[in-house]
file my_file.txt (compact mmCIF, C-alpha atoms)
# COMPACT_ATOMS: atom_id res chain seq x y z
CA MET A 1 -50.81 32.51 -68.99
CA THR A 2 -49.06 29.97 -66.87
CA HIS A 3 -50.55 27.87 -64.11
CA SER A 4 -48.14 29.54 -61.69
CA PHE A 5 -49.44 32.99 -62.67
CA HIS A 6 -53.06 31.93 -62.01
CA LEU A 7 -52.10 30.53 -58.61
CA LYS A 8 -50.30 33.76 -57.68
CA LEU A 9 -53.23 35.86 -58.92
CA GLY A 10 -55.68 33.70 -56.94
CA ALA A 11 -53.56 34.03 -53.81
CA LEU A 12 -53.38 37.81 -54.26
CA VAL A 13 -57.16 38.11 -54.70
CA LEU A 14 -57.71 35.97 -51.60
CA ALA A 15 -55.23 38.03 -49.55
CA VAL A 16 -56.84 41.33 -50.60
CA SER A 17 -60.32 39.95 -49.85
CA LEU A 18 -59.29 38.73 -46.41
CA ALA A 19 -57.59 42.04 -45.65
CA ALA A 20 -60.77 43.93 -46.59
CA VAL A 21 -62.93 41.66 -44.40
CA SER A 22 -60.43 41.92 -41.54
CA ALA A 23 -60.40 45.72 -41.81
CA ALA A 24 -64.20 45.83 -41.67
CA TRP A 25 -64.26 43.62 -38.56
CA SER A 26 -61.59 45.60 -36.74
CA ALA A 27 -63.11 49.00 -37.50
CA GLY A 28 -65.99 48.61 -35.02
CA GLN A 29 -66.13 50.01 -31.52
CA VAL A 30 -68.70 49.63 -28.77
CA THR A 31 -68.61 51.30 -25.36
CA GLY A 32 -71.10 51.61 -22.53
CA LYS A 33 -73.22 49.19 -20.53
CA TYR A 34 -75.20 46.09 -21.41
CA ILE A 35 -76.61 44.34 -18.35
CA GLY A 36 -78.59 41.10 -18.06
CA ASN A 37 -80.07 40.10 -14.68
CA GLY A 38 -77.65 42.48 -12.97
CA LYS A 39 -74.56 41.06 -14.70
CA PRO A 40 -72.60 43.42 -16.99
CA ALA A 41 -71.45 42.17 -20.38
CA LYS A 42 -68.17 43.18 -21.95
CA LEU A 43 -69.07 43.88 -25.56
CA ALA A 44 -65.90 44.45 -27.57
CA TYR A 45 -66.92 44.11 -31.24
CA ALA A 46 -69.32 46.01 -33.49
CA VAL A 47 -70.04 44.58 -36.93
CA VAL A 48 -72.56 45.67 -39.55
CA VAL A 49 -73.94 43.27 -42.14
CA PRO A 50 -76.44 44.04 -44.90
CA HIS A 51 -80.12 43.32 -44.24
CA GLU A 52 -82.93 42.95 -46.75
CA PRO A 53 -84.58 46.34 -47.40
CA TRP A 54 -87.15 47.18 -44.71
CA GLN A 55 -90.34 48.85 -45.95
CA GLY A 56 -88.52 50.01 -49.07
CA GLU A 57 -85.53 51.42 -47.16
CA LYS A 58 -81.93 50.28 -47.09
CA ALA A 59 -81.34 48.32 -43.88
CA TYR A 60 -78.50 46.87 -41.82
CA THR A 61 -78.01 44.43 -38.96
CA LEU A 62 -75.65 45.59 -36.25
CA ILE A 63 -74.03 42.84 -34.18
CA LEU A 64 -72.47 43.91 -30.88
CA SER A 65 -70.62 40.99 -29.32
CA GLU A 66 -68.22 39.86 -26.64
CA LYS A 67 -66.29 37.51 -28.94
CA ASP A 68 -64.64 38.39 -32.22
CA PRO A 69 -66.91 37.54 -35.17
CA ALA A 70 -64.04 37.57 -37.70
CA GLY A 71 -64.37 34.65 -40.08
CA VAL A 72 -67.98 33.93 -39.06
CA ALA A 73 -70.25 33.59 -42.11
CA LYS A 74 -73.43 34.67 -40.30
CA PRO A 75 -72.49 36.63 -37.16
CA ASP A 76 -76.11 37.62 -36.43
CA PHE A 77 -77.13 33.94 -36.38
CA ASP A 78 -74.14 32.89 -34.26
CA ALA A 79 -74.81 35.75 -31.81
CA MET A 80 -78.42 34.65 -31.30
CA PHE A 81 -77.28 31.15 -30.37
CA GLY A 82 -74.59 32.26 -27.90
CA LYS A 83 -71.59 31.45 -30.08
CA LEU A 84 -70.27 35.02 -29.76
CA GLY A 85 -70.77 35.24 -25.99
CA ASP A 86 -72.92 38.13 -24.79
CA ALA A 87 -74.38 39.98 -27.75
CA LEU A 88 -77.02 42.44 -28.89
CA VAL A 89 -78.29 42.23 -32.47
CA VAL A 90 -80.07 45.30 -33.83
CA SER A 91 -81.68 45.68 -37.25
CA VAL A 92 -81.99 49.30 -38.32
CA THR A 93 -82.91 51.25 -41.44
CA GLY A 94 -80.52 53.70 -43.07
CA LYS A 95 -82.56 56.48 -41.41
CA GLY A 96 -82.03 55.01 -37.93
CA ASP A 97 -85.38 53.30 -37.34
CA ILE A 98 -84.91 50.14 -35.25
CA PHE A 99 -87.19 47.36 -36.45
CA SER A 100 -85.76 44.34 -34.64
CA THR A 101 -83.66 43.63 -31.54
CA GLN A 102 -82.35 40.28 -30.31
CA VAL A 103 -81.17 40.27 -26.71
CA CYS A 104 -78.46 37.60 -26.38
CA HIS A 105 -77.06 38.09 -22.89
CA GLN A 106 -75.70 34.87 -21.38
CA ALA A 107 -76.95 35.79 -17.87
CA LEU A 108 -80.57 35.62 -19.08
CA LYS A 109 -82.60 32.44 -18.74
CA ARG A 110 -84.15 33.19 -22.14
CA SER A 111 -81.13 34.55 -23.99
CA GLY A 112 -81.67 35.15 -27.69
CA PHE A 113 -85.19 36.58 -27.44
CA SER A 114 -86.57 39.13 -29.86
CA THR A 115 -88.08 42.41 -28.73
CA SER A 116 -89.37 45.59 -30.30
CA GLY A 117 -90.00 49.01 -28.82
CA SER A 118 -87.50 48.56 -25.95
CA LEU A 119 -84.34 49.82 -27.64
CA PHE A 120 -83.95 53.40 -28.85
CA VAL A 121 -81.28 55.27 -30.80
CA ASP A 122 -79.87 58.82 -30.57
CA ASN A 123 -77.35 60.56 -32.80
CA PHE A 124 -77.69 57.88 -35.48
CA LYS A 125 -75.47 58.63 -38.48
CA ILE A 126 -74.27 57.00 -41.61
CA GLU A 127 -71.31 58.97 -42.84
CA GLY A 128 -69.04 57.67 -45.53
CA LYS A 129 -68.54 54.00 -44.76
CA GLN A 130 -69.44 54.19 -41.06
CA LEU A 131 -72.58 53.72 -38.96
CA SER A 132 -72.67 55.30 -35.51
CA GLY A 133 -75.09 56.12 -32.73
CA ARG A 134 -76.17 55.60 -29.15
CA PHE A 135 -78.41 52.55 -28.61
CA TYR A 136 -80.17 52.47 -25.24
CA THR A 137 -83.14 51.37 -23.17
CA LYS A 138 -85.06 54.09 -21.30
CA LYS A 139 -85.35 51.88 -18.24
CA LYS A 140 -84.54 48.38 -17.06
CA GLU A 141 -86.60 46.10 -19.32
CA ASP A 142 -88.41 42.96 -18.14
CA PHE A 143 -88.83 39.79 -20.18
CA PHE A 144 -90.64 37.15 -18.14
CA ASP A 145 -88.26 36.52 -15.20
CA ASP A 146 -85.31 38.27 -16.86
CA THR A 147 -84.22 41.93 -16.82
CA TRP A 148 -81.89 43.72 -19.19
CA GLU A 149 -80.74 47.23 -20.02
CA ALA A 150 -78.36 48.88 -22.44
CA ASP A 151 -76.69 52.22 -23.05
CA LEU A 152 -74.13 51.69 -25.80
CA THR A 153 -72.25 54.03 -28.10
CA VAL A 154 -71.33 52.36 -31.38
CA LYS A 155 -69.11 53.01 -34.39
CA ALA A 156 -68.88 50.34 -37.06
CA ALA A 157 -67.80 50.06 -40.67
CA LEU A 158 -70.53 49.52 -43.24
CA PRO A 159 -70.31 46.38 -45.37
call {"tool": "encode", "arguments": {"input": "my_file.txt", "output": "structure tokens"}}
result
Amino acid sequence: MTHSFHLKLGALVLAVSLAAVSAAWSAGQVTGKYIGNGKPAKLAYAVVVPHEPWQGEKAYTLILSEKDPAGVAKPDFDAMFGKLGDALVVSVTGKGDIFSTQVCHQALKRSGFSTSGSLFVDNFKIEGKQLSGRFYTKKKEDFFDDTWEADLTVKAALP
């Protein structure tokens, strides 16, 4: 095989890979409210990345963010450090049990904190290659001098 053939094959593989990643990023939707200290966030992107199994179950990390995470190697990490604007990072089992939440709202003095037991999920589904559900707080939550609340409906492509 010629060098030219290998270059063309490599370019084709790269293009197909990028198209697949791009399709996964663009497939997500998030609607609803996410409020930090009274200030609403405009979450526009929903991305799911694999998580290590949790207590023997398949698990995922859902990143809901203001800024597009396309091309970001670790969107959950970037979200926690404010690089994706306002964000909510939720780790959930394949059955819909939430085991970790990072609240990354830029209006909070302590943005990027971890909480458990404050976020709930209804209508959680994994169908085909899509995760969906309603992620919400039952009331306005307090974290030291900060308050936050969420009521978000999510659809995102599985990795």
call {"tool": "closest_residue", "arguments": {"input": "my_file.txt", "among": "A:Tyr136, A:Phe120, A:Trp148, A:Tyr45", "to": "A:Cys104", "atoms": "all atoms listed in the file"}}
result
A:Trp148
call {"tool": "atom_distance", "arguments": {"input": "my_file.txt", "atom1": "atom CA of A:Leu64", "atom2": "atom CA of A:Asp142"}}
result
20.4 Å
call {"tool": "closest_residue", "arguments": {"input": "my_file.txt", "among": "A:Val90, A:Ala73, A:Ala150, A:Leu119", "to": "A:Pro40", "atoms": "all atoms listed in the file"}}
result
A:Ala150
call {"tool": "residues_around", "arguments": {"input": "my_file.txt", "residues": "A:Ala41", "least_positions_apart": "4", "cutoff": "9 Å", "atoms": "all atoms listed in the file", "output": "list in words"}}
result
Lys33, Tyr34, Ile35, Gly36, Glu66, Gly85, Asp86, Ala87, His105, Gln106 and Ala107 of chain A
call {"tool": "write_last_selection", "arguments": {"input": "my_file.txt", "atoms": "C-alpha atoms", "output": "short mmCIF file (atom, residue, chain, number, x, y, z; two decimals), in the frame of the given file"}}
result
data_model
loop_
_atom_site.label_atom_id
_atom_site.label_comp_id
_atom_site.auth_asym_id
_atom_site.auth_seq_id
_atom_site.Cartn_x
_atom_site.Cartn_y
_atom_site.Cartn_z
CA LYS A 33 -73.22 49.19 -20.53
CA TYR A 34 -75.20 46.09 -21.41
CA ILE A 35 -76.61 44.34 -18.35
CA GLY A 36 -78.59 41.10 -18.06
CA GLU A 66 -68.22 39.86 -26.64
CA GLY A 85 -70.77 35.24 -25.99
CA ASP A 86 -72.92 38.13 -24.79
CA ALA A 87 -74.38 39.98 -27.75
CA HIS A 105 -77.06 38.09 -22.89
CA GLN A 106 -75.70 34.87 -21.38
CA ALA A 107 -76.95 35.79 -17.87
#
call {"tool": "atom_distance", "arguments": {"input": "my_file.txt", "atom1": "atom CA of A:Phe144", "atom2": "atom CA of A:Phe77"}}
result
22.9 Å
call {"tool": "closest_residue", "arguments": {"input": "my_file.txt", "among": "A:Val72, A:Ala79, A:Ala44, A:Ile126", "to": "A:Gly94", "atoms": "only C-alpha atoms"}}
result
A:Ile126
call {"tool": "closest_residue", "arguments": {"input": "my_file.txt", "among": "A:Lys74, A:Asp97, A:Lys138, A:Val103", "to": "A:Gln55", "atoms": "only C-alpha atoms"}}
result
A:Asp97
